[in-house]
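What follows is the content of run_31.cif, which has mmCIF, C-alpha atoms:
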data_model
#
loop_
_atom_site.label_atom_id
_atom_site.label_comp_id
_atom_site.auth_asym_id
_atom_site.auth_seq_id
_atom_site.Cartn_x
_atom_site.Cartn_y
_atom_site.Cartn_z
CA MET A 13 -13.70 -13.78 -16.59
CA LYS A 14 -14.99 -17.10 -17.87
CA HIS A 15 -11.54 -18.68 -17.93
CA HIS A 16 -10.60 -17.69 -14.36
CA LEU A 17 -11.79 -20.89 -12.70
CA VAL A 18 -9.92 -20.36 -9.40
CA LEU A 19 -11.18 -16.81 -9.10
CA ARG A 20 -14.77 -17.87 -9.69
CA VAL A 21 -14.63 -20.71 -7.19
CA VAL A 22 -12.96 -18.55 -4.54
CA THR A 23 -15.55 -15.83 -5.10
CA LYS A 24 -18.36 -18.31 -4.65
CA VAL A 25 -16.81 -19.46 -1.39
CA LEU A 26 -16.24 -15.90 -0.17
CA ILE A 27 -19.60 -14.30 -0.89
CA PRO A 28 -21.71 -16.12 1.76
CA PRO A 29 -19.31 -15.29 4.61
CA ILE A 30 -19.20 -11.65 3.44
CA LEU A 31 -23.00 -11.43 3.48
CA LEU A 32 -23.15 -13.17 6.85
CA PHE A 33 -20.53 -10.83 8.28
CA ALA A 34 -22.50 -7.85 6.97
CA LEU A 35 -25.60 -9.10 8.75
CA TYR A 36 -23.57 -9.64 11.93
CA VAL A 37 -22.19 -6.10 11.76
CA GLN A 38 -25.70 -4.82 11.08
CA PHE A 39 -27.49 -6.48 13.97
CA HIS A 40 -24.62 -6.62 16.43
CA GLY A 41 -23.93 -2.90 16.11
CA ASP A 42 -25.49 -2.22 19.50
CA PHE A 43 -22.96 -4.43 21.27
CA GLY A 44 -19.77 -4.10 19.25
CA PRO A 45 -18.30 -1.82 16.63
CA GLY A 46 -20.42 -1.53 13.54
CA GLY A 47 -23.85 -0.43 12.46
CA GLY A 48 -25.90 0.34 9.42
CA PHE A 49 -23.28 2.33 7.52
CA GLN A 50 -20.55 -0.30 7.75
CA ALA A 51 -22.91 -3.21 7.26
CA GLY A 52 -24.41 -1.62 4.15
CA VAL A 53 -20.99 -1.15 2.64
CA ILE A 54 -19.91 -4.72 3.41
CA PHE A 55 -23.17 -6.06 2.03
CA ALA A 56 -22.66 -4.07 -1.18
CA ALA A 57 -19.06 -5.36 -1.35
CA ALA A 58 -20.36 -8.90 -1.78
CA PHE A 59 -22.53 -7.84 -4.74
CA ILE A 60 -19.75 -5.80 -6.31
CA LEU A 61 -17.36 -8.74 -6.01
CA TYR A 62 -19.98 -10.88 -7.70
CA ALA A 63 -20.40 -8.32 -10.48
CA LEU A 64 -16.63 -8.07 -10.99
CA VAL A 65 -16.17 -11.79 -11.41
CA PHE A 66 -19.40 -12.97 -13.03
CA GLY A 67 -20.13 -9.93 -15.15
CA LEU A 68 -22.39 -6.94 -14.69
CA GLU A 69 -25.35 -8.45 -16.50
CA THR A 70 -25.49 -11.49 -14.20
CA ALA A 71 -25.32 -9.22 -11.17
CA ARG A 72 -28.09 -7.04 -12.59
CA ARG A 73 -30.26 -10.12 -12.84
CA VAL A 74 -29.68 -10.77 -9.13
CA VAL A 75 -30.59 -7.19 -8.17
CA PRO A 76 -32.80 -5.66 -10.87
CA GLN A 77 -32.61 -1.92 -11.37
CA GLY A 78 -36.18 -1.38 -10.17
CA THR A 79 -35.61 -3.28 -6.92
CA LEU A 80 -32.42 -1.34 -6.34
CA ARG A 81 -34.16 2.02 -6.73
CA ALA A 82 -36.96 0.91 -4.44
CA LEU A 83 -34.41 -0.12 -1.80
CA VAL A 84 -32.50 3.19 -2.09
CA ALA A 85 -35.65 5.08 -1.15
CA GLY A 86 -37.06 2.34 1.08
CA GLY A 87 -34.28 2.47 3.66
CA LEU A 88 -34.63 6.20 4.13
CA LEU A 89 -38.41 5.88 4.28
CA LEU A 90 -38.13 3.13 6.91
CA TYR A 91 -35.97 5.44 9.02
CA ALA A 92 -38.34 8.38 8.67
CA THR A 93 -41.35 6.14 9.33
CA VAL A 94 -39.93 5.22 12.75
CA GLY A 95 -39.80 8.93 13.49
CA VAL A 96 -43.38 9.46 12.35
CA VAL A 97 -44.62 6.45 14.33
CA SER A 98 -43.01 7.77 17.51
CA MET A 99 -44.70 11.10 16.78
CA LEU A 100 -48.09 9.43 16.31
CA LEU A 101 -47.60 7.65 19.64
CA GLY A 102 -47.42 11.05 21.25
CA ASP A 103 -43.75 11.87 21.69
CA ASN A 104 -41.05 13.73 19.78
CA PHE A 105 -39.93 12.79 16.27
CA LEU A 106 -37.46 9.88 16.52
CA ASN A 107 -37.90 9.40 20.26
CA TYR A 108 -37.97 5.61 20.40
CA SER A 109 -38.93 5.29 24.06
CA VAL A 110 -42.64 5.28 23.23
CA LEU A 111 -42.39 2.47 20.69
CA ARG A 112 -42.75 -0.15 23.41
CA PRO A 113 -44.33 -0.01 26.89
CA ASP A 114 -40.83 -0.31 28.37
CA ALA A 115 -38.71 2.71 27.40
CA THR A 116 -35.45 0.74 27.14
CA ALA A 117 -37.04 -1.91 24.96
CA GLY A 118 -38.47 0.87 22.80
CA GLN A 119 -34.99 2.34 22.39
CA HIS A 120 -33.63 -1.09 21.41
CA LEU A 121 -36.37 -1.60 18.84
CA GLY A 122 -36.00 1.91 17.43
CA ILE A 123 -32.22 1.63 17.07
CA LEU A 124 -32.53 -1.78 15.43
CA VAL A 125 -35.06 -0.56 12.87
CA ILE A 126 -33.35 2.71 11.98
CA GLU A 127 -29.98 0.94 11.64
CA LEU A 128 -31.71 -1.47 9.27
CA GLY A 129 -32.98 1.51 7.28
CA VAL A 130 -29.46 2.99 7.16
CA GLY A 131 -28.04 -0.37 6.06
CA ILE A 132 -30.59 -0.85 3.28
CA THR A 133 -30.09 2.63 1.83
CA VAL A 134 -26.29 2.52 2.03
CA ALA A 135 -26.05 -0.95 0.48
CA ALA A 136 -28.48 -0.09 -2.33
CA VAL A 137 -26.77 3.24 -3.09
CA MET A 138 -23.33 1.60 -3.21
CA ILE A 139 -24.53 -1.13 -5.56
CA ALA A 140 -26.38 1.43 -7.71
CA ILE A 141 -23.34 3.69 -7.97
CA PHE A 142 -21.11 0.76 -8.87
CA PHE A 143 -23.54 -0.48 -11.50
CA SER A 144 -23.79 2.92 -13.12
CA PHE A 145 -19.99 3.35 -13.16
CA ALA A 146 -19.36 -0.14 -14.46
CA GLY A 147 -22.21 0.09 -16.95
CA ARG A 148 -20.44 2.73 -19.02
CA PRO A 149 -18.26 1.69 -21.95
CA PRO A 150 -14.54 1.74 -21.11
CA THR A 151 -12.38 4.07 -23.14
CA ILE A 152 -9.13 2.32 -22.26
CA LYS A 153 -8.21 -0.77 -24.21
CA ASP A 154 -7.15 -3.85 -22.28
CA GLU A 155 -3.62 -3.70 -23.68
CA ASP A 156 -3.11 -0.17 -22.34
CA TRP A 157 -2.96 -1.37 -18.76
CA MET B 17 5.29 4.26 13.18
CA LEU B 18 1.94 4.21 11.39
CA LEU B 19 2.31 7.92 10.73
CA THR B 20 5.64 7.22 9.06
CA PHE B 21 3.98 4.65 6.84
CA LEU B 22 1.27 7.19 6.04
CA ALA B 23 3.87 9.81 5.09
CA VAL B 24 5.72 7.30 2.89
CA THR B 25 2.47 6.39 1.15
CA VAL B 26 1.66 10.06 0.53
CA ILE B 27 5.08 10.67 -1.03
CA ALA B 28 4.62 7.57 -3.19
CA ILE B 29 1.19 8.83 -4.28
CA ILE B 30 2.61 12.23 -5.21
CA ARG B 31 5.51 10.72 -7.15
CA ALA B 32 3.58 8.01 -8.98
CA ARG B 33 2.39 8.88 -12.47
CA HIS B 34 0.61 5.65 -13.23
CA LEU B 35 -2.93 6.23 -12.01
CA PHE B 36 -3.58 2.55 -11.37
CA ALA B 37 -0.73 2.59 -8.86
CA VAL B 38 -2.06 5.83 -7.35
CA VAL B 39 -5.51 4.31 -6.79
CA MET B 40 -3.97 1.25 -5.14
CA LEU B 41 -1.80 3.47 -2.94
CA THR B 42 -4.80 5.52 -1.80
CA GLY B 43 -6.35 2.20 -0.78
CA VAL B 44 -3.21 1.45 1.23
CA PHE B 45 -3.44 4.94 2.74
CA SER B 46 -7.01 4.30 3.87
CA LEU B 47 -6.09 0.97 5.39
CA LEU B 48 -3.21 2.59 7.30
CA SER B 49 -5.57 5.35 8.52
CA ALA B 50 -7.94 2.64 9.70
CA ALA B 51 -5.11 1.01 11.66
CA LEU B 52 -4.27 4.42 13.13
CA LEU B 53 -7.88 4.92 14.22
CA VAL B 54 -7.87 1.50 15.90
CA GLN B 55 -4.80 2.68 17.80
CA LEU B 56 -6.80 5.70 18.93
CA ASP B 57 -9.62 3.38 20.14
CA ALA B 58 -12.06 4.68 17.51
CA VAL B 59 -13.05 1.24 16.28
CA ASP B 60 -16.28 2.34 14.63
CA VAL B 61 -14.58 5.02 12.56
CA ALA B 62 -11.77 2.61 11.71
CA PHE B 63 -14.35 0.10 10.54
CA THR B 64 -15.95 2.68 8.25
CA GLU B 65 -12.60 3.86 6.96
CA ALA B 66 -11.53 0.31 6.11
CA ALA B 67 -14.81 -0.58 4.41
CA VAL B 68 -15.45 2.70 2.63
CA GLY B 69 -11.99 4.18 2.09
CA ALA B 70 -9.99 1.08 1.36
CA GLY B 71 -12.83 -0.89 -0.19
CA ILE B 72 -15.61 0.82 -2.10
CA SER B 73 -13.84 4.03 -3.08
CA THR B 74 -10.91 2.04 -4.50
CA VAL B 75 -13.31 0.04 -6.66
CA LEU B 76 -15.14 3.20 -7.74
CA MET B 77 -11.87 4.95 -8.57
CA LEU B 78 -10.86 1.95 -10.67
CA GLY B 79 -14.22 2.13 -12.38
CA THR B 80 -13.60 5.79 -13.11
CA LEU B 81 -10.14 4.95 -14.36
CA THR B 82 -11.56 2.74 -17.09
CA LEU B 83 -13.48 5.79 -18.32
CA THR B 84 -10.53 8.21 -18.32
CA ALA B 85 -6.79 8.05 -18.89
CA ARG B 86 -4.49 5.63 -17.12
CA ARG B 87 -1.54 8.01 -16.90
CA GLU B 88 -1.32 11.41 -15.30
CA ARG B 89 -0.22 14.25 -17.57
CA VAL B 90 3.00 15.79 -16.28
CA PRO B 91 2.51 19.56 -15.95
CA ASP B 92 5.12 21.55 -17.89
CA ARG B 93 5.53 24.10 -15.08
CA ILE B 94 4.88 24.22 -11.38
CA PRO B 95 1.50 25.89 -10.72
CA VAL B 96 2.56 28.70 -8.38
CA ALA B 97 -0.76 30.08 -7.16
CA PRO B 98 -2.34 26.74 -6.12
CA VAL B 99 0.86 25.66 -4.34
CA LEU B 100 0.88 28.98 -2.46
CA ILE B 101 -2.78 28.68 -1.45
CA VAL B 102 -2.34 25.08 -0.32
CA THR B 103 0.74 26.00 1.72
CA ILE B 104 -0.99 28.92 3.44
CA THR B 105 -4.11 26.87 4.21
CA GLY B 106 -1.98 24.01 5.52
CA ALA B 107 0.01 26.36 7.72
CA ALA B 108 -3.20 27.91 9.07
CA LEU B 109 -4.58 24.47 9.89
CA VAL B 110 -1.38 23.43 11.66
CA TYR B 111 -1.46 26.71 13.60
CA GLY B 112 -5.06 25.91 14.56
CA THR B 113 -4.09 22.53 16.00
CA LEU B 114 -1.70 24.23 18.44
CA ASP B 115 -4.70 25.40 20.45
CA MET B 116 -6.27 21.97 20.59
CA PRO B 117 -6.19 20.03 23.87
CA ASN B 118 -3.80 17.10 24.12
CA PHE B 119 -4.98 13.63 23.20
CA GLY B 120 -6.83 12.09 26.14
CA ASP B 121 -6.82 15.32 28.16
CA PRO B 122 -9.69 14.92 30.69
CA THR B 123 -10.28 18.68 30.81
CA ALA B 124 -10.84 18.92 27.06
CA PRO B 125 -14.18 20.54 26.14
CA ALA B 126 -15.11 17.43 24.17
CA HIS B 127 -15.28 15.46 27.43
CA HIS B 128 -17.61 17.90 29.15
CA HIS B 129 -20.88 19.61 28.25
CA ILE B 130 -23.40 16.85 27.38
CA VAL B 131 -20.97 13.98 26.93
CA PRO B 132 -21.08 12.69 30.55
CA GLU B 133 -24.85 12.66 30.24
CA TYR B 134 -24.61 10.56 27.07
CA ILE B 135 -22.19 8.11 28.66
CA GLU B 136 -24.38 7.67 31.72
CA GLY B 137 -27.64 7.68 29.76
CA SER B 138 -26.63 5.10 27.20
CA GLU B 139 -26.24 2.60 30.03
CA LYS B 140 -29.27 3.65 32.02
CA ASP B 141 -31.88 4.78 29.47
CA ILE B 142 -30.89 3.00 26.30
CA ASP B 143 -28.97 0.03 27.73
CA VAL B 144 -26.73 -0.39 24.71
CA PRO B 145 -23.08 -1.30 25.40
CA ASN B 146 -21.77 0.53 22.33
CA ILE B 147 -22.04 4.22 23.18
CA VAL B 148 -21.24 5.16 19.59
CA THR B 149 -24.39 3.39 18.46
CA SER B 150 -26.56 4.92 21.16
CA ILE B 151 -25.38 8.44 20.33
CA LEU B 152 -25.52 7.90 16.58
CA ALA B 153 -28.89 6.20 16.45
CA SER B 154 -30.75 7.65 19.39
CA TYR B 155 -29.37 10.90 20.85
CA ARG B 156 -28.41 12.19 17.43
CA GLY B 157 -31.02 10.24 15.51
CA PHE B 158 -32.05 13.31 13.59
CA ASP B 159 -28.46 13.91 12.40
CA THR B 160 -28.20 10.33 11.24
CA LEU B 161 -31.47 10.68 9.36
CA GLY B 162 -29.89 13.64 7.58
CA GLU B 163 -26.79 11.59 6.81
CA VAL B 164 -28.85 8.81 5.28
CA ALA B 165 -30.63 11.48 3.26
CA VAL B 166 -27.20 12.66 2.03
CA VAL B 167 -26.29 9.12 0.95
CA PHE B 168 -29.69 8.83 -0.73
CA THR B 169 -29.23 12.14 -2.56
CA ALA B 170 -25.75 11.12 -3.69
CA GLY B 171 -27.13 7.86 -5.04
CA VAL B 172 -29.98 9.59 -6.85
CA GLY B 173 -27.54 12.13 -8.29
CA VAL B 174 -25.19 9.47 -9.63
CA LEU B 175 -28.09 7.48 -11.05
CA LEU B 176 -29.45 10.55 -12.82
CA LEU B 177 -26.08 11.64 -14.18
CA LEU B 178 -24.62 8.29 -15.20
CA SER B 179 -27.54 6.22 -16.33
CA GLY B 180 -28.66 8.79 -18.88
CA GLY B 181 -31.91 9.51 -17.06
CA GLY B 182 -34.77 7.21 -16.20
CA MET B 183 -35.29 3.94 -17.95
CA ALA B 184 -32.76 4.64 -20.69
CA GLY B 185 -30.07 3.56 -18.24
CA SER B 186 -31.41 0.09 -17.69
CA ARG B 187 -31.76 -0.52 -21.41
CA ARG B 188 -28.29 0.72 -22.21
CA GLY B 189 -26.77 -1.31 -19.41
CA GLY B 190 -27.59 -4.47 -21.31
CA GLU B 191 -25.21 -3.76 -24.14
CA MET B 192 -22.28 -3.12 -21.86
CA ASP B 193 -22.53 -6.13 -19.63
CA GLU B 194 -19.02 -7.46 -20.14
CA SER B 195 -17.25 -4.12 -19.90
CA ILE B 196 -16.15 -4.51 -16.30
CA ALA B 197 -15.36 -8.17 -16.51
CA LYS B 198 -12.85 -7.51 -19.26
CA THR B 199 -10.60 -5.21 -17.29
CA PRO B 200 -7.72 -6.86 -15.45
CA GLN B 201 -8.37 -4.82 -12.29
CA ALA B 202 -11.11 -7.30 -11.54
CA ASP B 203 -8.46 -9.79 -10.45
CA SER B 204 -7.03 -7.68 -7.68
CA VAL B 205 -10.01 -5.95 -6.17
CA GLU B 206 -12.30 -7.11 -3.47
CA PRO B 207 -14.72 -4.81 -1.68
CA PRO B 208 -16.44 -1.35 -2.11
CA GLY B 209 -17.43 2.29 -0.39
CA LYS B 210 -18.56 5.88 -0.48
CA GLY B 211 -17.45 9.09 1.12
CA GLY B 212 -20.73 10.20 2.65
CA ALA B 213 -20.84 7.35 5.08
CA THR B 214 -17.45 8.09 6.59
CA LYS B 215 -18.69 11.39 7.87
CA GLY B 216 -21.55 9.73 9.61
CA LYS B 217 -19.44 7.94 12.17
CA GLU B 218 -17.18 10.80 13.01
CA ASP B 219 -19.50 12.71 15.31
CA GLY B 220 -20.38 9.48 17.06
CA ALA B 221 -16.88 8.52 18.02
#

As structure tokens, how would this structure be written, given the file I've shared?
Amino acid sequence: MKHHLVLRVVTKVLIPPILLFALYVQFHGDFGPGGGFQAGVIFAAAFILYALVFGLETARRVVPQGTLRALVAGGLLLYATVGVVSMLLGDNFLNYSVLRPDATAGQHLGILVIELGVGITVAAVMIAIFFSFAGRPPTIKDEDW
Amino acid sequence: MLLTFLAVTVIAIIRARHLFAVVMLTGVFSLLSAALLVQLDAVDVAFTEAAVGAGISTVLMLGTLTLTARRERVPDRIPVAPVLIVTITGAALVYGTLDMPNFGDPTAPAHHHIVPEYIEGSEKDIDVPNIVTSILASYRGFDTLGEVAVVFTAGVGVLLLLSGGGMAGSRRGGEMDESIAKTPQADSVEPPGKGGATKGKEDGA
């Protein structure tokens, strides 16, 4: 891709808005359409676009394999931790009302945190799957396309 | 109108033999489905369908395509038994839809039971304008936890299968860095997705 100057410049321009939009979808999910699942996918899209244009190895340097694996598990753990915390505070598993003195505020906090957990896991899994697919040697020659 | 487009896309997918075209057409199909879901006021599901179906799965299918053949083998005879099974199953499913309530029917079971409670509660108890979010994250929080676990398991499975197990994957990855950048598909593709997440939104909406 080194010779595709336009593609590289356009990608560089596009990636920040994609990441910003993902964060908007993530944290605005309570008020509009969206949430952790969509935000995670959009976030991963930015990284995959980067990997497509700048090469897999460059993208792997941005998100090292170890970090990626930690994030895959970390999101799910974050979600489950919210449940355990609400249990330790004396209510049911994943009942967010006890997280704050005010039940509504507790619900808001709980939803925000678990959506973040969903987003982290989904984004990391998408990037990991793409990396493992793209990391395999292609069997089709370029001319065959 | 959208349904007509969908049908045309399906016929094109069936007729196309070049798998690159087929992958692109499935992306088009997903985008049309997303438009259809917006029409039905299911914005959250449409969002997921557009991001996952049209985006990520297209990229992943293209990635798979580089590992397999680019053309579909034409079968020398029509496979009778599968066609029969598919036809019978399809007919049974269509027969099943006859019993379903009409779209937007206020007496439909889906609008009763606990749903009124959810609609009222998400304003009063949770105070979140998007009811889909309040059901998905709070009322059905346990389900969503399971869904995230499914995504996690899928990711772990793919990592185990495709990266050759453990650290071997990261070492091998280094030799193949340019593999994806070389393929021309890189020019035409933008974003990414995975099937497991689509399911997640469906109960919510």

Test item: residues at most 9 Å from Gln77 of chain A, only C-alpha atoms, excluding those fewer than 4 positions along its chain, as a list in words: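 My reading of the contact set: Arg72, Arg73, Arg81, Ala82 and Ala140 of chain A; Ser186 of chain B.
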
Two-atom distance - atom CA of Pro29 of chain A, atom CA of Leu61 of chain A (Å): 12.6 Å

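Note on the selection: in this file the PyMOL selection byres ((chain A and resi 33-47) around 6) comes out as Pro29, Ile30, Leu31, Leu32, Gly48, Phe49, Gln50, Ala51, Ile54 and Phe55 of chain A; Asp60, Val144, Pro145, Asn146 and Thr149 of chain B.
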
Non-local contacts of Met77 of chain B (9 Å; all atoms listed in the file; under 5 positions in same chain excluded) as number ranges by chain: B: 39, 72, 82

Find the spatial neighbours of Val134 of chain A, counting all atoms listed in the file, within a cut-off of 10 Å - ignore same-chain residues fewer than 5 positions away - and output them as a PDB file with C-alpha atoms, in the frame of the given file.
ATOM      1  CA  GLY A  48     -25.900   0.340   9.420  1.00  0.00           C
ATOM      2  CA  PHE A  49     -23.280   2.330   7.520  1.00  0.00           C
ATOM      3  CA  GLN A  50     -20.550  -0.300   7.750  1.00  0.00           C
ATOM      4  CA  ALA A  51     -22.910  -3.210   7.260  1.00  0.00           C
ATOM      5  CA  GLY A  52     -24.410  -1.620   4.150  1.00  0.00           C
ATOM      6  CA  VAL A  53     -20.990  -1.150   2.640  1.00  0.00           C
ATOM      7  CA  ILE A  54     -19.910  -4.720   3.410  1.00  0.00           C
ATOM      8  CA  PHE A  55     -23.170  -6.060   2.030  1.00  0.00           C
ATOM      9  CA  ALA A  56     -22.660  -4.070  -1.180  1.00  0.00           C
ATOM     10  CA  LEU A  83     -34.410  -0.120  -1.800  1.00  0.00           C
ATOM     11  CA  VAL A  84     -32.500   3.190  -2.090  1.00  0.00           C
ATOM     12  CA  GLY A  87     -34.280   2.470   3.660  1.00  0.00           C
ATOM     13  CA  LEU A  88     -34.630   6.200   4.130  1.00  0.00           C
ATOM     14  CA  LEU A 128     -31.710  -1.470   9.270  1.00  0.00           C
ATOM     15  CA  GLY A 129     -32.980   1.510   7.280  1.00  0.00           C
ATOM     16  CA  ILE A 139     -24.530  -1.130  -5.560  1.00  0.00           C
ATOM     17  CA  ALA A 140     -26.380   1.430  -7.710  1.00  0.00           C
TER      18      ALA A 140
ATOM     19  CA  VAL B 164     -28.850   8.810   5.280  1.00  0.00           C
ATOM     20  CA  VAL B 167     -26.290   9.120   0.950  1.00  0.00           C
ATOM     21  CA  PHE B 168     -29.690   8.830  -0.730  1.00  0.00           C
ATOM     22  CA  GLY B 171     -27.130   7.860  -5.040  1.00  0.00           C
ATOM     23  CA  GLY B 209     -17.430   2.290  -0.390  1.00  0.00           C
ATOM     24  CA  LYS B 210     -18.560   5.880  -0.480  1.00  0.00           C
ATOM     25  CA  GLY B 212     -20.730  10.200   2.650  1.00  0.00           C
ATOM     26  CA  ALA B 213     -20.840   7.350   5.080  1.00  0.00           C
TER      27      ALA B 213
END

Residues returned when the PyMOL selection byres ((chain A and resi 118) around 12) runs on this file, as a VMD selection string: (chain A and resid 94 97 to 98 101 106 to 117 119 to 125) or (chain B and resid 141 to 144 154)

Pairwise distance for atom CA of Ile135 of chain B and atom CA of Phe105 of chain A, rounded to one decimal in Å: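 Interatomic distance, atom CA of Ile135 of chain B to atom CA of Phe105 of chain A: 22.1 Å.
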
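As for atom CA of Ile151 of chain B and atom CA of Val172 of chain B, they are spaced 27.6 Å apart.
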
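The list of residues with at least one atom within 9 Å of Leu161 of chain B, based on all atoms listed in the file and without residues fewer than 6 positions apart in the same chain, reads Leu88, Tyr91, Ala92, Ile126 and Val130 of chain A; Ala153 of chain B.
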
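Considering all atoms listed in the file, the residue among B:Met17, B:Leu83, B:Leu176, B:Pro98 positioned nearest to Gln55 of chain B is B:Met17.
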
Report the centre and edge lengths, in Å to one decimal, of an axis-aligned box enclosing every atom of segment 80-90 of chain A listed in the file, padded by 5 Å on each side, as lines of an AutoDock Vina configuration file.
center_x = -35.4
center_y = 2.4
center_z = 0.1
size_x = 16.0
size_y = 17.5
size_z = 23.6

Within 12 Å of file point (-8.6, 6.4, 16.1), counting all atoms listed in the file, expressed as a list in words: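 Residues found, by chain and rising number: Leu18, Leu48, Ser49, Ala50, Ala51, Leu52, Leu53, Val54, Gln55, Leu56, Asp57, Ala58, Val59, Asp60, Val61, Ala62, Phe63, Thr64, Glu65, Phe119, Gly120, Lys217, Glu218 and Ala221 of chain B.
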
Exercise: segment 87-96 of chain B partners within 9 Å, all atoms listed in the file, chain neighbours under 4 positions left out, as a list in words: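 Everything that qualifies: Ala32, Arg33, His34, Leu35, Phe36, Leu100 and Ile101 of chain B.
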